[in-house]
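Student: Structure file protein_4.tsv (TSV, C-alpha atoms) is given on the next line.
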```tsv
chain	number	residue	atom	x	y	z
A	1	MET	CA	-79.76	171.45	2.85
A	2	ARG	CA	-83.15	173.11	3.14
A	3	LEU	CA	-81.99	175.71	0.62
A	4	GLY	CA	-81.85	172.94	-1.98
A	5	PHE	CA	-85.63	172.60	-1.83
A	6	PHE	CA	-85.93	176.26	-2.83
A	7	THR	CA	-83.62	175.71	-5.79
A	8	ILE	CA	-85.86	172.81	-6.86
A	9	PHE	CA	-88.86	175.14	-6.68
A	10	GLY	CA	-87.00	177.81	-8.65
A	11	THR	CA	-86.14	175.22	-11.28
A	12	LEU	CA	-89.76	174.11	-11.42
A	13	PHE	CA	-90.90	177.73	-11.80
A	14	GLY	CA	-88.35	178.40	-14.56
A	15	PHE	CA	-89.42	175.23	-16.33
A	16	VAL	CA	-93.13	176.11	-16.17
A	17	LEU	CA	-92.53	179.70	-17.35
A	18	SER	CA	-90.47	178.39	-20.25
A	19	ARG	CA	-93.00	175.72	-21.26
A	20	GLY	CA	-95.76	178.32	-21.17
A	21	ARG	CA	-93.81	180.72	-23.47
A	22	VAL	CA	-93.87	183.32	-20.67
A	23	SER	CA	-90.12	183.93	-20.99
A	24	ASP	CA	-90.36	184.40	-24.76
A	25	TYR	CA	-89.83	187.88	-26.18
A	26	ASP	CA	-92.34	187.42	-29.01
A	27	THR	CA	-95.05	186.27	-26.58
A	28	ILE	CA	-94.63	189.43	-24.52
A	29	ALA	CA	-94.47	191.55	-27.69
A	30	GLY	CA	-97.70	189.89	-28.85
A	31	MET	CA	-99.37	190.88	-25.60
A	32	PHE	CA	-98.35	194.53	-25.98
A	33	ARG	CA	-99.47	194.50	-29.62
A	34	LEU	CA	-102.70	192.68	-28.70
A	35	THR	CA	-101.95	190.19	-31.48
A	36	ASP	CA	-101.35	187.25	-29.11
A	37	LEU	CA	-103.63	187.08	-26.06
A	38	HIS	CA	-101.90	183.93	-24.72
A	39	LEU	CA	-100.19	185.78	-21.86
A	40	PHE	CA	-103.44	187.34	-20.64
A	41	GLY	CA	-104.88	183.85	-20.33
A	42	VAL	CA	-101.76	182.61	-18.53
A	43	ILE	CA	-101.73	185.51	-16.05
A	44	GLY	CA	-105.47	185.32	-15.43
A	45	THR	CA	-105.58	181.58	-14.75
A	46	ALA	CA	-102.34	181.76	-12.70
A	47	ILE	CA	-103.90	184.39	-10.41
A	48	ALA	CA	-107.14	182.40	-10.13
A	49	THR	CA	-105.34	179.12	-9.33
A	50	ALA	CA	-102.94	180.76	-6.85
A	51	GLY	CA	-105.91	182.60	-5.28
A	52	ILE	CA	-107.80	179.34	-4.68
A	53	GLY	CA	-104.65	177.54	-3.49
A	54	LEU	CA	-103.59	180.24	-1.03
A	55	TRP	CA	-107.16	180.55	0.22
A	56	LEU	CA	-107.28	176.81	0.92
A	57	ILE	CA	-103.98	177.04	2.83
A	58	ARG	CA	-105.23	180.00	4.87
A	59	ARG	CA	-108.41	178.13	5.67
A	60	GLY	CA	-106.25	175.23	6.86
A	61	GLY	CA	-104.61	177.55	9.38
A	62	ASN	CA	-101.19	178.16	7.84
A	63	ARG	CA	-100.59	181.84	8.49
A	64	SER	CA	-97.54	182.33	6.30
A	65	ALA	CA	-99.71	182.11	3.17
B	1	MET	CA	-97.66	162.46	-24.41
B	2	TYR	CA	-93.94	163.40	-24.33
B	3	GLU	CA	-94.60	165.73	-27.25
B	4	ALA	CA	-97.47	167.54	-25.49
B	5	LEU	CA	-95.63	167.80	-22.16
B	6	PHE	CA	-92.11	168.67	-23.23
B	7	VAL	CA	-92.02	169.79	-26.87
B	8	THR	CA	-95.17	171.67	-27.90
B	9	PRO	CA	-95.54	174.92	-25.90
B	10	TRP	CA	-98.30	174.64	-23.30
B	11	PRO	CA	-101.60	176.41	-23.99
B	12	TRP	CA	-102.54	179.21	-21.57
B	13	TRP	CA	-105.03	177.04	-19.73
B	14	VAL	CA	-102.22	174.63	-18.79
B	15	ALA	CA	-99.42	177.17	-18.18
B	16	GLY	CA	-101.49	179.49	-15.96
B	17	PRO	CA	-102.78	176.82	-13.54
B	18	ALA	CA	-99.26	175.27	-13.47
B	19	ILE	CA	-97.83	178.62	-12.31
B	20	GLY	CA	-100.60	178.93	-9.72
B	21	LEU	CA	-99.82	175.41	-8.52
B	22	VAL	CA	-96.10	176.21	-8.05
B	23	VAL	CA	-97.10	179.29	-6.00
B	24	THR	CA	-99.48	177.17	-3.89
B	25	LEU	CA	-97.01	174.33	-3.30
B	26	LEU	CA	-94.21	176.73	-2.28
B	27	ALA	CA	-96.54	178.38	0.26
B	28	TRP	CA	-97.93	175.06	1.47
B	29	LEU	CA	-94.79	172.90	1.68
B	30	LEU	CA	-92.14	175.51	2.54
B	31	GLY	CA	-94.32	178.37	3.82
B	32	LYS	CA	-92.87	181.07	1.55
B	33	PRO	CA	-94.44	183.63	-0.79
B	34	LEU	CA	-93.03	183.22	-4.32
B	35	GLY	CA	-91.16	186.22	-5.70
B	36	VAL	CA	-88.25	186.73	-8.04
B	37	SER	CA	-86.96	190.30	-7.83
B	38	THR	CA	-86.32	190.21	-4.07
B	39	GLY	CA	-83.92	187.35	-4.80
B	40	TYR	CA	-81.83	189.65	-7.00
B	41	GLY	CA	-81.93	192.14	-4.13
B	42	VAL	CA	-80.40	189.43	-1.94
B	43	VAL	CA	-77.57	189.12	-4.49
B	44	CYS	CA	-77.02	192.89	-4.26
B	45	ALA	CA	-77.07	192.72	-0.46
B	46	LEU	CA	-74.17	190.23	-0.58
B	47	GLY	CA	-71.94	192.69	-2.42
B	48	SER	CA	-73.23	196.10	-1.40
B	49	ARG	CA	-72.95	198.12	1.78
B	50	LEU	CA	-75.83	200.45	0.86
B	51	SER	CA	-78.34	200.79	3.68
B	52	PHE	CA	-81.10	200.09	1.11
B	53	PHE	CA	-80.00	196.46	1.01
B	54	ARG	CA	-79.87	196.11	4.79
B	55	ALA	CA	-83.67	195.72	4.79
B	56	LYS	CA	-84.94	192.49	6.33
B	57	GLU	CA	-86.30	191.11	3.04
B	58	TYR	CA	-82.76	191.01	1.57
B	59	ASP	CA	-81.58	188.80	4.40
B	60	GLU	CA	-83.62	185.84	3.14
B	61	ARG	CA	-81.14	183.38	1.67
B	62	TRP	CA	-83.88	181.06	0.39
B	63	ARG	CA	-84.76	183.68	-2.24
B	64	LEU	CA	-81.25	183.44	-3.63
B	65	ALA	CA	-81.51	179.63	-3.78
B	66	PHE	CA	-84.83	180.07	-5.61
B	67	VAL	CA	-83.55	182.41	-8.36
B	68	VAL	CA	-80.56	180.13	-8.96
B	69	GLY	CA	-83.08	177.50	-10.05
B	70	LEU	CA	-84.84	179.74	-12.61
B	71	PRO	CA	-82.31	179.47	-15.48
B	72	LEU	CA	-81.82	175.77	-14.69
B	73	GLY	CA	-85.54	175.23	-15.28
B	74	GLY	CA	-85.34	177.09	-18.58
B	75	LEU	CA	-82.35	174.99	-19.63
B	76	ILE	CA	-84.09	171.74	-18.75
B	77	ALA	CA	-87.20	172.83	-20.68
B	78	ALA	CA	-85.12	173.64	-23.78
B	79	TRP	CA	-83.12	170.41	-23.46
B	80	LEU	CA	-86.20	168.16	-23.13
B	81	ALA	CA	-87.77	169.94	-26.12
B	82	GLY	CA	-84.63	169.21	-28.15
B	83	GLN	CA	-84.10	172.94	-28.68
B	84	LEU	CA	-80.90	173.41	-26.73
B	85	SER	CA	-79.09	175.45	-29.36
B	86	PRO	CA	-77.56	178.68	-28.01
B	87	THR	CA	-78.28	181.68	-30.25
B	88	LEU	CA	-78.17	185.46	-30.13
B	89	ALA	CA	-81.49	185.66	-31.99
B	90	PHE	CA	-84.15	187.45	-29.98
B	91	GLY	CA	-87.37	187.18	-31.99
B	92	GLN	CA	-89.02	190.46	-32.94
B	93	LEU	CA	-86.40	192.42	-30.99
B	94	ASP	CA	-84.04	191.72	-33.89
B	95	ARG	CA	-86.31	193.70	-36.19
B	96	LEU	CA	-86.52	196.55	-33.69
B	97	THR	CA	-82.73	196.80	-33.54
B	98	HIS	CA	-82.33	196.23	-37.30
B	99	GLY	CA	-79.91	193.35	-36.77
B	100	SER	CA	-77.40	195.40	-34.75
B	101	ALA	CA	-75.98	193.25	-31.96
B	102	ALA	CA	-74.64	196.35	-30.19
B	103	ALA	CA	-78.04	198.07	-30.21
B	104	LYS	CA	-79.61	194.90	-28.87
B	105	ALA	CA	-77.03	194.61	-26.09
B	106	VAL	CA	-77.51	198.25	-25.06
B	107	LEU	CA	-81.30	197.91	-25.13
B	108	LEU	CA	-81.32	194.67	-23.13
B	109	PHE	CA	-78.77	195.88	-20.58
B	110	GLY	CA	-80.57	199.22	-20.13
B	111	SER	CA	-83.91	197.45	-19.84
B	112	GLY	CA	-82.46	195.12	-17.22
B	113	LEU	CA	-81.32	198.06	-15.12
B	114	LEU	CA	-84.74	199.71	-15.38
B	115	VAL	CA	-86.62	196.50	-14.60
B	116	GLY	CA	-84.40	195.77	-11.59
B	117	ALA	CA	-84.67	199.28	-10.15
B	118	GLY	CA	-88.40	199.48	-10.91
B	119	ALA	CA	-89.23	196.13	-9.36
B	120	ARG	CA	-87.36	196.99	-6.15
B	121	TRP	CA	-88.97	200.43	-6.10
B	122	ALA	CA	-92.41	198.82	-6.43
B	123	GLY	CA	-91.51	196.17	-3.84
B	124	GLY	CA	-92.05	193.36	-6.32
B	125	CYS	CA	-92.15	192.27	-9.95
B	126	PRO	CA	-94.76	190.51	-12.12
B	127	SER	CA	-94.30	187.32	-10.07
B	128	GLY	CA	-94.51	188.57	-6.48
B	129	HIS	CA	-97.00	191.36	-7.21
B	130	THR	CA	-99.04	190.27	-10.23
B	131	ILE	CA	-99.42	186.58	-9.41
B	132	VAL	CA	-99.02	186.20	-5.63
B	133	GLY	CA	-100.03	189.67	-4.44
B	134	VAL	CA	-103.08	189.97	-6.67
B	135	ALA	CA	-104.11	186.39	-5.75
B	136	GLN	CA	-104.05	187.51	-2.11
B	137	GLY	CA	-106.10	190.59	-3.01
B	138	ALA	CA	-103.39	193.05	-1.94
B	139	ARG	CA	-104.30	196.55	-3.10
B	140	SER	CA	-100.66	197.60	-3.57
B	141	SER	CA	-100.15	194.59	-5.88
B	142	ILE	CA	-103.17	195.50	-8.00
B	143	VAL	CA	-101.83	199.05	-8.37
B	144	ALA	CA	-98.32	197.77	-9.19
B	145	THR	CA	-99.75	195.40	-11.82
B	146	LEU	CA	-101.71	198.21	-13.48
B	147	GLY	CA	-98.44	200.18	-13.51
B	148	PHE	CA	-96.51	197.29	-15.14
B	149	MET	CA	-99.18	196.88	-17.81
B	150	ILE	CA	-99.69	200.56	-18.64
B	151	ALA	CA	-95.94	201.30	-18.71
B	152	GLY	CA	-95.28	198.14	-20.76
B	153	PHE	CA	-97.89	199.04	-23.37
B	154	ALA	CA	-96.74	202.65	-23.59
B	155	VAL	CA	-92.99	202.02	-23.77
B	156	PHE	CA	-93.19	198.99	-26.09
B	157	ASN	CA	-95.43	200.72	-28.61
B	158	ALA	CA	-93.58	204.06	-28.42
B	159	LEU	CA	-90.27	202.30	-28.99
B	160	HIS	CA	-91.61	200.45	-32.03
B	161	LEU	CA	-93.15	203.65	-33.36
B	162	VAL	CA	-89.84	205.52	-33.10
B	163	LEU	CA	-87.46	202.73	-34.18
B	164	GLY	CA	-89.79	200.87	-36.52
B	165	GLY	CA	-89.82	197.08	-36.69
```
Take the structure in this file and express it as structure tokens.
Tutor:
Amino acid sequence: MRLGFFTIFGTLFGFVLSRGRVSDYDTIAGMFRLTDLHLFGVIGTAIATAGIGLWLIRRGGNRSA
Amino acid sequence: MYEALFVTPWPWWVAGPAIGLVVTLLAWLLGKPLGVSTGYGVVCALGSRLSFFRAKEYDERWRLAFVVGLPLGGLIAAWLAGQLSPTLAFGQLDRLTHGSAAAKAVLLFGSGLLVGAGARWAGGCPSGHTIVGVAQGARSSIVATLGFMIAGFAVFNALHLVLGG
């Protein structure tokens, strides 16, 4: 049953990647051609947000983060 | 509202924080570090007797449950956007392969093998290393990310130089 929660998270992750054009070939091609900087912004803000989030969890005493 | 949420692609300043939020919620609610490629390793562990896949990380069934959700999320996104129309078109890759479906299949299949082997060799892919690892300040993840970027730039541009497109 608990595994179902992970599938929900996977679905959420797939949805977010898709909505953000991260899974799109042309977006990735644009990054490597430096003609579309969208993905740099996505990666940068994802790292920053995850960094703050994981730091807050650590500060709250959850060691698995 | 529906248009902005489900139809128009999200701008980077929405997509990036959304990804970071998924990472944070998974760690907070279920106590797990997000990662994709290890999940494919779990699939391999189910069907392979190689000692490589006997490592502890490939014994984590939750990772398998997670990667099962990935294509579902993509499907739901396409469906809500009203763009659920299966196609073999692959954007600029079609120009690179000059419209040859066989060349495209070979390139994609070969790339998949390289990406899978490389991600397992590096101990992670652009989700586990670049987002989660770098956010935690792990030195190995920063090195892996530099590797992904440098190799991506080099191979992509070399391929386009040689094949055109």
Student: Specify as a PDB file with C-alpha atoms, in the frame of the given file all residues of chain B found within 7 Å of chain A, counting only C-alpha atoms.
Tutor:
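And here's part.pdb as it stands now:
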```pdb
ATOM      1  CA  PRO B   9     -95.540 174.920 -25.900  1.00  0.00           C
ATOM      2  CA  TRP B  10     -98.300 174.640 -23.300  1.00  0.00           C
ATOM      3  CA  PRO B  11    -101.600 176.410 -23.990  1.00  0.00           C
ATOM      4  CA  TRP B  12    -102.540 179.210 -21.570  1.00  0.00           C
ATOM      5  CA  TRP B  13    -105.030 177.040 -19.730  1.00  0.00           C
ATOM      6  CA  ALA B  15     -99.420 177.170 -18.180  1.00  0.00           C
ATOM      7  CA  GLY B  16    -101.490 179.490 -15.960  1.00  0.00           C
ATOM      8  CA  PRO B  17    -102.780 176.820 -13.540  1.00  0.00           C
ATOM      9  CA  ALA B  18     -99.260 175.270 -13.470  1.00  0.00           C
ATOM     10  CA  ILE B  19     -97.830 178.620 -12.310  1.00  0.00           C
ATOM     11  CA  GLY B  20    -100.600 178.930  -9.720  1.00  0.00           C
ATOM     12  CA  LEU B  21     -99.820 175.410  -8.520  1.00  0.00           C
ATOM     13  CA  VAL B  22     -96.100 176.210  -8.050  1.00  0.00           C
ATOM     14  CA  VAL B  23     -97.100 179.290  -6.000  1.00  0.00           C
ATOM     15  CA  THR B  24     -99.480 177.170  -3.890  1.00  0.00           C
ATOM     16  CA  ALA B  27     -96.540 178.380   0.260  1.00  0.00           C
ATOM     17  CA  TRP B  28     -97.930 175.060   1.470  1.00  0.00           C
ATOM     18  CA  GLY B  31     -94.320 178.370   3.820  1.00  0.00           C
ATOM     19  CA  LYS B  32     -92.870 181.070   1.550  1.00  0.00           C
ATOM     20  CA  PRO B  33     -94.440 183.630  -0.790  1.00  0.00           C
ATOM     21  CA  TRP B  62     -83.880 181.060   0.390  1.00  0.00           C
ATOM     22  CA  ALA B  65     -81.510 179.630  -3.780  1.00  0.00           C
ATOM     23  CA  PHE B  66     -84.830 180.070  -5.610  1.00  0.00           C
ATOM     24  CA  VAL B  67     -83.550 182.410  -8.360  1.00  0.00           C
ATOM     25  CA  VAL B  68     -80.560 180.130  -8.960  1.00  0.00           C
ATOM     26  CA  GLY B  69     -83.080 177.500 -10.050  1.00  0.00           C
ATOM     27  CA  LEU B  70     -84.840 179.740 -12.610  1.00  0.00           C
ATOM     28  CA  PRO B  71     -82.310 179.470 -15.480  1.00  0.00           C
ATOM     29  CA  LEU B  72     -81.820 175.770 -14.690  1.00  0.00           C
ATOM     30  CA  GLY B  73     -85.540 175.230 -15.280  1.00  0.00           C
ATOM     31  CA  GLY B  74     -85.340 177.090 -18.580  1.00  0.00           C
ATOM     32  CA  ILE B  76     -84.090 171.740 -18.750  1.00  0.00           C
ATOM     33  CA  ALA B  77     -87.200 172.830 -20.680  1.00  0.00           C
ATOM     34  CA  PHE B  90     -84.150 187.450 -29.980  1.00  0.00           C
ATOM     35  CA  GLY B  91     -87.370 187.180 -31.990  1.00  0.00           C
ATOM     36  CA  GLN B  92     -89.020 190.460 -32.940  1.00  0.00           C
ATOM     37  CA  ILE B 131     -99.420 186.580  -9.410  1.00  0.00           C
ATOM     38  CA  VAL B 132     -99.020 186.200  -5.630  1.00  0.00           C
ATOM     39  CA  VAL B 134    -103.080 189.970  -6.670  1.00  0.00           C
ATOM     40  CA  ALA B 135    -104.110 186.390  -5.750  1.00  0.00           C
ATOM     41  CA  GLN B 136    -104.050 187.510  -2.110  1.00  0.00           C
ATOM     42  CA  PHE B 153     -97.890 199.040 -23.370  1.00  0.00           C
ATOM     43  CA  PHE B 156     -93.190 198.990 -26.090  1.00  0.00           C
TER      44      PHE B 156
END
```
Student: Neighbours of range 97-106 of chain B within 9 Å (only C-alpha atoms; same-chain residues fewer than 4 positions away dropped), as a CSV table (one decimal) with C-alpha atoms, in the frame of the given file?
Tutor:
```csv
chain,number,residue,atom,x,y,z
B,88,LEU,CA,-78.2,185.5,-30.1
B,90,PHE,CA,-84.2,187.4,-30.0
B,92,GLN,CA,-89.0,190.5,-32.9
B,93,LEU,CA,-86.4,192.4,-31.0
B,110,GLY,CA,-80.6,199.2,-20.1
B,111,SER,CA,-83.9,197.4,-19.8
B,163,LEU,CA,-87.5,202.7,-34.2
B,164,GLY,CA,-89.8,200.9,-36.5
B,165,GLY,CA,-89.8,197.1,-36.7
```
Student: For CA of Phe53 in chain B and CA of Leu29 in chain B, quote the distance in Å rounded to one decimal.
Tutor: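 Distance reported for this atom pair: 27.8 Å.
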Student: Distance CA of Thr87 in chain B-CA of Leu75 in chain B, one decimal place?
Tutor: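 These two atoms are separated by 13.2 Å.
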Student: Tell me, in Å to one decimal, how far CA of Met149 in chain B is from CA of Gly35 in chain B.
Tutor: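 Taking CA of Met149 in chain B as the start and CA of Gly35 in chain B as the end point, the length is 18.0 Å.
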Student: With all atoms listed in the file as the atoms that count, which of B:Tyr40, B:Phe148, B:Tyr2, B:Trp79 lies nearest to Arg120 in chain B?
Tutor: B:Tyr40
Student: Considering all atoms listed in the file, can you say which of B:Val36, B:Leu80, B:Val155, B:Ala144 comes closest to Leu114 in chain B?
Tutor: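 Checking each candidate against Leu114 in chain B, we get B:Val155 as the closest.
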